[in-house]
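Next up, structure.cif (mmCIF, C-alpha atoms):
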```cif
data_coords
#
loop_
_atom_site.label_atom_id
_atom_site.label_comp_id
_atom_site.auth_asym_id
_atom_site.auth_seq_id
_atom_site.Cartn_x
_atom_site.Cartn_y
_atom_site.Cartn_z
CA MET A 1 0.00 0.00 0.00
CA LEU A 2 1.34 3.39 -0.93
CA ILE A 3 1.88 5.94 1.82
CA ASP A 4 -0.67 8.75 1.64
CA LYS A 5 1.01 11.90 0.34
CA LYS A 6 -1.23 13.95 2.61
CA HIS A 7 1.56 13.44 5.18
CA ILE A 8 3.86 15.78 3.21
CA GLY A 9 4.13 18.87 5.39
CA MET A 10 3.52 16.95 8.62
CA LYS A 11 5.43 18.47 11.51
CA VAL A 12 7.40 16.18 13.79
CA PRO A 13 6.87 17.20 17.43
CA GLN A 14 9.82 19.25 18.71
CA HIS A 15 12.24 17.60 21.06
CA SER A 16 15.33 18.86 22.80
CA VAL A 17 18.59 17.16 23.71
CA HIS A 18 21.13 18.05 26.36
CA LEU A 19 24.43 16.92 24.88
CA THR A 20 26.76 15.21 27.37
CA ALA A 21 30.46 14.30 27.27
CA TRP A 22 29.48 10.84 28.51
CA GLN A 23 27.43 10.15 25.38
CA LEU A 24 30.14 11.52 23.09
CA LYS A 25 32.74 9.33 24.78
CA TRP A 26 30.72 6.22 23.86
CA PHE A 27 30.19 7.42 20.31
CA ALA A 28 33.95 7.98 19.97
CA LYS A 29 34.66 4.49 21.29
CA ALA A 30 32.14 2.95 18.87
CA THR A 31 33.59 4.71 15.84
CA GLY A 32 37.27 4.13 16.70
CA GLU A 33 37.89 7.85 17.18
CA THR A 34 41.43 8.65 18.32
CA ASN A 35 41.37 12.48 18.46
CA PRO A 36 40.75 13.29 22.16
CA ILE A 37 38.80 16.52 21.45
CA TYR A 38 35.94 14.11 20.66
CA PHE A 39 35.98 12.27 24.00
CA ASP A 40 38.20 13.98 26.61
CA GLU A 41 37.05 17.18 28.31
CA GLU A 42 40.58 18.20 29.30
CA ALA A 43 41.89 17.76 25.76
CA ALA A 44 38.95 19.75 24.37
CA LYS A 45 39.60 22.60 26.83
CA LYS A 46 43.32 22.56 25.99
CA ALA A 47 42.37 22.87 22.31
CA GLY A 48 40.42 26.01 23.20
CA LEU A 49 36.98 24.43 22.83
CA PRO A 50 34.15 25.04 25.33
CA GLY A 51 33.60 21.28 25.67
CA VAL A 52 33.94 17.92 23.96
CA LEU A 53 33.14 18.43 20.27
CA ALA A 54 30.18 16.59 18.70
CA PRO A 55 31.41 14.84 15.53
CA PRO A 56 29.82 15.57 12.13
CA THR A 57 27.26 12.75 12.07
CA PHE A 58 26.20 13.02 15.72
CA PHE A 59 23.35 15.41 14.80
CA PHE A 60 21.55 12.37 13.39
CA CYS A 61 21.92 10.52 16.71
CA MET A 62 20.51 13.47 18.60
CA ASP A 63 17.63 13.77 16.15
CA MET A 64 16.85 10.10 16.95
CA ASP A 65 17.21 10.68 20.71
CA LYS A 66 13.54 10.35 21.65
CA GLU A 67 11.23 7.59 22.82
CA HIS A 68 9.90 6.72 19.34
CA PRO A 69 12.31 8.19 16.78
CA PHE A 70 10.35 6.82 13.82
CA ASP A 71 6.88 7.66 15.14
CA TYR A 72 6.29 9.69 11.97
CA LEU A 73 6.67 6.50 9.89
CA GLU A 74 4.35 4.57 12.21
CA THR A 75 1.77 7.36 11.83
CA MET A 76 1.95 6.67 8.08
CA GLY A 77 1.37 2.93 8.66
CA CYS A 78 4.91 1.79 7.77
CA ASP A 79 6.45 -1.47 9.07
CA LEU A 80 9.69 -0.40 10.74
CA GLY A 81 11.12 -3.89 10.08
CA LYS A 82 11.08 -3.02 6.37
CA MET A 83 12.83 0.29 6.79
CA LEU A 84 16.25 1.13 5.37
CA HIS A 85 18.24 4.32 5.61
CA GLY A 86 18.49 5.70 2.08
CA GLU A 87 20.28 9.01 2.36
CA GLN A 88 21.58 11.32 5.05
CA SER A 89 23.04 14.79 4.78
CA PHE A 90 23.96 17.74 6.94
CA VAL A 91 24.60 21.42 6.38
CA TYR A 92 26.73 22.82 9.18
CA HIS A 93 26.41 26.34 10.57
CA LYS A 94 28.04 26.17 14.03
CA PRO A 95 29.89 23.44 15.95
CA VAL A 96 28.16 22.08 19.06
CA TYR A 97 29.71 20.81 22.27
CA ALA A 98 28.96 18.78 25.37
CA GLY A 99 26.93 21.03 27.65
CA ASP A 100 24.81 22.46 24.82
CA THR A 101 21.05 22.05 24.77
CA LEU A 102 19.65 21.76 21.27
CA THR A 103 16.13 21.77 19.86
CA PHE A 104 15.02 19.70 16.85
CA ASP A 105 12.13 20.81 14.63
CA GLY A 106 11.35 18.37 11.85
CA GLU A 107 8.96 18.29 8.93
CA ILE A 108 8.10 15.66 6.32
CA THR A 109 9.11 17.37 3.08
CA ASP A 110 8.53 14.66 0.46
CA ILE A 111 7.08 11.20 -0.07
CA TYR A 112 7.65 9.32 -3.34
CA ASP A 113 8.03 5.80 -4.68
CA LYS A 114 10.05 3.88 -7.26
CA LYS A 115 9.69 0.50 -8.98
CA ASN A 116 5.87 0.66 -8.95
CA GLY A 117 5.76 1.17 -5.20
CA ALA A 118 8.23 -1.59 -4.30
CA LEU A 119 10.37 1.13 -2.71
CA GLN A 120 8.85 4.11 -0.95
CA PHE A 121 10.82 7.11 0.23
CA VAL A 122 10.00 9.42 3.13
CA VAL A 123 12.03 12.63 3.37
CA LYS A 124 12.41 14.53 6.64
CA ASP A 125 14.15 17.88 7.11
CA VAL A 126 15.10 19.05 10.58
CA LYS A 127 16.32 22.42 11.83
CA VAL A 128 18.65 22.13 14.83
CA ARG A 129 18.96 25.22 17.01
CA ARG A 130 20.91 26.26 20.11
CA GLN A 131 19.21 29.09 22.00
CA GLY A 132 17.30 29.93 18.84
CA GLU A 133 20.39 30.02 16.61
CA LEU A 134 20.43 27.59 13.67
CA VAL A 135 23.42 25.25 14.04
CA CYS A 136 22.66 22.45 11.56
CA ASP A 137 20.20 21.32 8.88
CA VAL A 138 19.60 17.57 8.95
CA HIS A 139 18.13 15.86 5.85
CA SER A 140 17.11 12.20 6.05
CA VAL A 141 15.58 9.83 3.49
CA MET A 142 14.15 6.58 4.83
CA VAL A 143 13.22 3.76 2.45
CA ILE A 144 10.33 1.38 3.08
CA ARG A 145 10.50 -1.92 1.19
CA ALA A 146 7.24 -3.53 0.03
CA MET B 1 49.32 16.16 -2.79
CA THR B 2 47.00 15.84 0.15
CA THR B 3 47.77 19.05 2.05
CA ALA B 4 44.49 20.78 2.86
CA ASN B 5 45.46 23.98 1.05
CA TYR B 6 43.19 25.47 -1.61
CA ASP B 7 45.88 26.60 -4.02
CA ALA B 8 47.89 23.40 -3.71
CA LEU B 9 44.96 21.07 -4.32
CA LYS B 10 43.96 19.96 -7.81
CA VAL B 11 40.83 18.21 -9.05
CA GLY B 12 41.58 14.50 -8.83
CA ASP B 13 43.81 14.74 -5.74
CA GLU B 14 43.06 12.12 -3.12
CA ILE B 15 42.80 12.83 0.60
CA PRO B 16 44.34 10.41 3.16
CA SER B 17 42.21 7.27 3.35
CA LEU B 18 40.94 5.46 6.46
CA THR B 19 40.68 1.68 6.86
CA THR B 20 38.79 0.32 9.87
CA GLU B 21 38.91 -2.86 11.88
CA PRO B 22 36.45 -5.54 10.66
CA VAL B 23 32.89 -4.72 11.76
CA SER B 24 31.93 -7.17 14.52
CA ARG B 25 28.81 -7.77 16.59
CA LEU B 26 30.63 -5.91 19.36
CA THR B 27 31.15 -2.94 17.01
CA LEU B 28 27.39 -2.84 16.41
CA ALA B 29 26.59 -3.14 20.12
CA LEU B 30 29.00 -0.28 20.86
CA TYR B 31 27.54 1.79 18.04
CA ALA B 32 24.06 1.17 19.43
CA THR B 33 25.25 2.51 22.78
CA GLY B 34 27.12 5.46 21.32
CA SER B 35 24.48 6.49 18.83
CA GLY B 36 21.35 5.53 20.77
CA ASP B 37 20.15 3.53 17.74
CA HIS B 38 19.03 0.19 19.19
CA HIS B 39 17.03 -0.94 16.17
CA PRO B 40 16.92 -4.76 16.36
CA LEU B 41 17.96 -5.06 12.69
CA HIS B 42 21.50 -4.37 13.95
CA LEU B 43 21.46 -6.34 17.19
CA ASP B 44 18.93 -9.15 17.37
CA GLN B 45 19.48 -12.16 15.13
CA ASP B 46 16.13 -13.72 16.04
CA TYR B 47 14.36 -10.55 14.96
CA VAL B 48 16.16 -10.25 11.62
CA ARG B 49 15.53 -13.92 10.78
CA SER B 50 11.83 -13.37 11.46
CA LYS B 51 12.02 -10.65 8.79
CA GLY B 52 13.66 -13.03 6.29
CA ILE B 53 17.13 -11.50 6.63
CA PRO B 54 20.01 -13.97 7.31
CA ASP B 55 21.97 -11.88 9.84
CA VAL B 56 22.25 -8.53 11.55
CA PHE B 57 24.04 -5.86 9.56
CA ALA B 58 25.81 -2.58 10.29
CA HIS B 59 24.06 0.71 10.90
CA GLY B 60 24.43 2.83 7.77
CA MET B 61 25.41 5.72 10.00
CA LEU B 62 28.43 3.76 11.27
CA GLY B 63 29.91 3.95 7.78
CA MET B 64 29.06 7.65 7.59
CA ALA B 65 30.79 8.16 10.94
CA TYR B 66 33.91 6.48 9.52
CA LEU B 67 33.77 8.82 6.50
CA GLY B 68 33.44 11.70 8.96
CA ARG B 69 36.55 10.49 10.81
CA MET B 70 38.46 10.46 7.53
CA LEU B 71 37.38 14.07 6.91
CA THR B 72 38.25 15.33 10.40
CA GLN B 73 41.65 13.62 10.24
CA TRP B 74 42.31 15.75 7.15
CA VAL B 75 40.79 19.12 8.12
CA PRO B 76 39.42 20.61 11.35
CA GLN B 77 35.74 19.83 11.65
CA GLU B 78 34.83 23.54 11.56
CA ALA B 79 35.92 23.57 7.88
CA ILE B 80 33.19 21.12 6.83
CA ARG B 81 30.30 23.04 5.28
CA SER B 82 28.14 20.10 4.21
CA PHE B 83 28.35 16.33 4.19
CA GLY B 84 25.91 13.92 2.58
CA VAL B 85 25.74 10.20 1.92
CA ARG B 86 23.69 7.71 -0.09
CA PHE B 87 23.59 4.23 1.39
CA THR B 88 23.94 1.90 -1.59
CA ALA B 89 24.65 -1.50 -0.01
CA ILE B 90 24.49 -3.19 3.37
CA THR B 91 27.67 -3.74 5.39
CA GLN B 92 27.91 -7.29 6.74
CA ILE B 93 29.58 -8.57 9.88
CA GLY B 94 33.30 -9.20 9.26
CA GLU B 95 33.78 -6.56 6.59
CA ARG B 96 36.52 -4.00 6.94
CA MET B 97 35.54 -0.53 5.75
CA VAL B 98 37.85 1.36 3.43
CA CYS B 99 37.10 5.10 3.22
CA THR B 100 38.55 7.14 0.36
CA GLY B 101 37.99 10.61 -1.02
CA LYS B 102 39.10 12.84 -3.86
CA VAL B 103 38.68 16.42 -4.94
CA VAL B 104 36.11 16.73 -7.74
CA GLU B 105 35.61 20.51 -7.83
CA LYS B 106 37.17 23.74 -6.61
CA LEU B 107 34.54 26.38 -5.99
CA GLU B 108 33.62 29.58 -4.18
CA GLN B 109 30.66 29.25 -1.89
CA GLY B 110 29.39 31.99 0.40
CA GLY B 111 32.56 34.01 -0.24
CA GLU B 112 34.82 31.12 0.82
CA LYS B 113 37.26 29.02 -1.17
CA CYS B 114 35.99 25.46 -0.99
CA VAL B 115 36.58 22.05 -2.48
CA ARG B 116 33.93 19.48 -3.20
CA LEU B 117 35.02 15.96 -2.33
CA GLU B 118 33.61 12.70 -3.61
CA LEU B 119 33.86 10.08 -0.85
CA THR B 120 33.39 6.32 -0.89
CA CYS B 121 33.06 3.79 1.90
CA ALA B 122 33.69 0.30 0.46
CA ASN B 123 34.67 -3.16 1.63
CA GLU B 124 38.14 -4.54 0.89
CA GLN B 125 36.87 -6.09 -2.34
CA GLY B 126 35.98 -2.60 -3.55
CA GLU B 127 32.19 -2.97 -3.30
CA ALA B 128 30.92 0.52 -2.50
CA LYS B 129 28.60 0.65 0.52
CA HIS B 130 28.13 4.39 0.75
CA LYS B 131 28.74 7.15 -1.77
CA ALA B 132 29.12 10.54 -0.22
CA ASP B 133 30.16 14.08 -0.88
CA ALA B 134 31.34 16.95 1.24
CA VAL B 135 32.13 20.62 0.77
CA VAL B 136 35.09 21.81 2.81
CA ALA B 137 36.28 25.42 3.18
CA LEU B 138 40.04 25.88 2.87
CA ALA B 139 42.42 28.77 3.37
#
```

As structure tokens - that is how I would like this structure written.
Amino acid sequence: MLIDKKHIGMKVPQHSVHLTAWQLKWFAKATGETNPIYFDEEAAKKAGLPGVLAPPTFFFCMDMDKEHPFDYLETMGCDLGKMLHGEQSFVYHKPVYAGDTLTFDGEITDIYDKKNGALQFVVKDVKVRRQGELVCDVHSVMVIRA
Amino acid sequence: MTTANYDALKVGDEIPSLTTEPVSRLTLALYATGSGDHHPLHLDQDYVRSKGIPDVFAHGMLGMAYLGRMLTQWVPQEAIRSFGVRFTAITQIGERMVCTGKVVEKLEQGGEKCVRLELTCANEQGEAKHKADAVVALA
């Protein structure tokens, strides 16, 4: 069944994330990071940073940091077991650090299909802000297999 | 060749590559912890078999994180203006990821000298898993 395109324009409820050095330390360990500005507060301070630096793809993790990160797909009737990540991109405006609190405002900006509906695509665009200032644009395309 | 300097770089120049350890079930468990993505497709073999998939497979964003590490080993993160990836194939347990990148364009964007990079995350056999691009501002 094709996803109803009436969901284009649907707003994803805002959530906020308080970024911690603890979380970044685990992300660094998972990704094999060796530069200590990504996991060690002392090293980050010595490098002149206000805190441990969030790496480039961590905005996606924070966007997912909510009880039901794919609730928008469930609202559309999608089976999350048939979901694949199709595309992901970021436009960076300001770096963010442990200690920052960020807000995430998302919107469904497109829904389309290929191969006669065998693959459906749901596009979400999110504005990430720190104290009202735009720090990153997050663009995600999820694929739902038939 | 690979110095991150606008004038010195030419279209076609490669940036220093990054090769990872083989992706293991532990890697995926750690990535689930670090990223907060606990989707059972990456962790629970019983679940994936019930969906007709033979085994758990890597988070796409793990490969993108490796590409990000390659970028930030080459330039300070603050220089990255944009970074995007298309996930073209699934990464299986046991595969080592090989990240490479090359300059495909020199451009001015927002008053800054930038290079556009084409990036690939592949296995050791050369099968591309993710195709990516990034725009990096350089002095």

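With only C-alpha atoms as the atoms that count, the residue of A:Gly81, A:Gly32, A:Pro95, A:Gly9 with the shortest distance to Lys124 (chain A) is A:Gly9.
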
(message) Can you translate the PyMOL selection byres ((chain A) within 6 of (chain B)) into the concrete residues it hits in this file, as an NGL selection string?
(response) :A and (26-27 or 30 or 57 or 61 or 86-92)

(request) Extract, using all atoms listed in the file, all DNA, RNA and protein residues at most 7 Å from Leu119 (chain A), discarding same-chain residues fewer than 6 positions from it, and format them as a ChimeraX atom specification. (result) /A:113,143-146

(request) Taking the file as shown, find all residues satisfying the PyMOL selection byres ((chain A and resi 25) around 9) and write them as an MDAnalysis selection string. (result) (chainID A and resid 20:24 26:30 38:40 52) or (chainID B and resid 34)

Translate the PyMOL selection byres ((chain B and resi 112) around 10), as applied to the file shown, into an explicit residue set as an mmCIF file with C-alpha atoms, in the frame of the given file.
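Contents of the output file selection12.cif:
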```cif
data_model
loop_
_atom_site.group_PDB
_atom_site.id
_atom_site.type_symbol
_atom_site.label_atom_id
_atom_site.label_comp_id
_atom_site.auth_asym_id
_atom_site.auth_seq_id
_atom_site.Cartn_x
_atom_site.Cartn_y
_atom_site.Cartn_z
ATOM 1 C CA LEU B 107 34.540 26.380 -5.990
ATOM 2 C CA GLU B 108 33.620 29.580 -4.180
ATOM 3 C CA GLN B 109 30.660 29.250 -1.890
ATOM 4 C CA GLY B 110 29.390 31.990 0.400
ATOM 5 C CA GLY B 111 32.560 34.010 -0.240
ATOM 6 C CA LYS B 113 37.260 29.020 -1.170
ATOM 7 C CA CYS B 114 35.990 25.460 -0.990
ATOM 8 C CA VAL B 115 36.580 22.050 -2.480
ATOM 9 C CA VAL B 136 35.090 21.810 2.810
ATOM 10 C CA ALA B 137 36.280 25.420 3.180
ATOM 11 C CA LEU B 138 40.040 25.880 2.870
ATOM 12 C CA ALA B 139 42.420 28.770 3.370
#
```

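Separating CA of Thr75 (chain A) from CA of Met10 (chain A) is a distance of 10.3 Å.
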
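Closest to Asp100 (chain A) among A:Tyr112, A:Pro56, A:Ile3, A:Gln131 is A:Gln131, based on only C-alpha atoms.
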
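CA of Lys82 (chain A) to CA of Asp44 (chain B) spans 14.8 Å [interatomic distance, one decimal].
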
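Using all atoms listed in the file, the protein and nucleic acid residues lying no more than 8 Å from Asp63 (chain A), apart from those fewer than 4 places from it along its own chain, are Phe59, Pro69 and Phe104 of chain A.
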
Please put the answer as AutoDock Vina command-line options: centre and edge lengths, in Å with one decimal, of a box along x, y and z that encloses all listed atoms of region 42-47 of chain A plus 3 Å on each side.
```
--center_x 41.1 --center_y 20.3 --center_z 25.8 --size_x 10.4 --size_y 11.1 --size_z 13.0
```

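Interatomic distance, CA of Asp79 (chain A) to CA of Arg49 (chain B): 15.5 Å.
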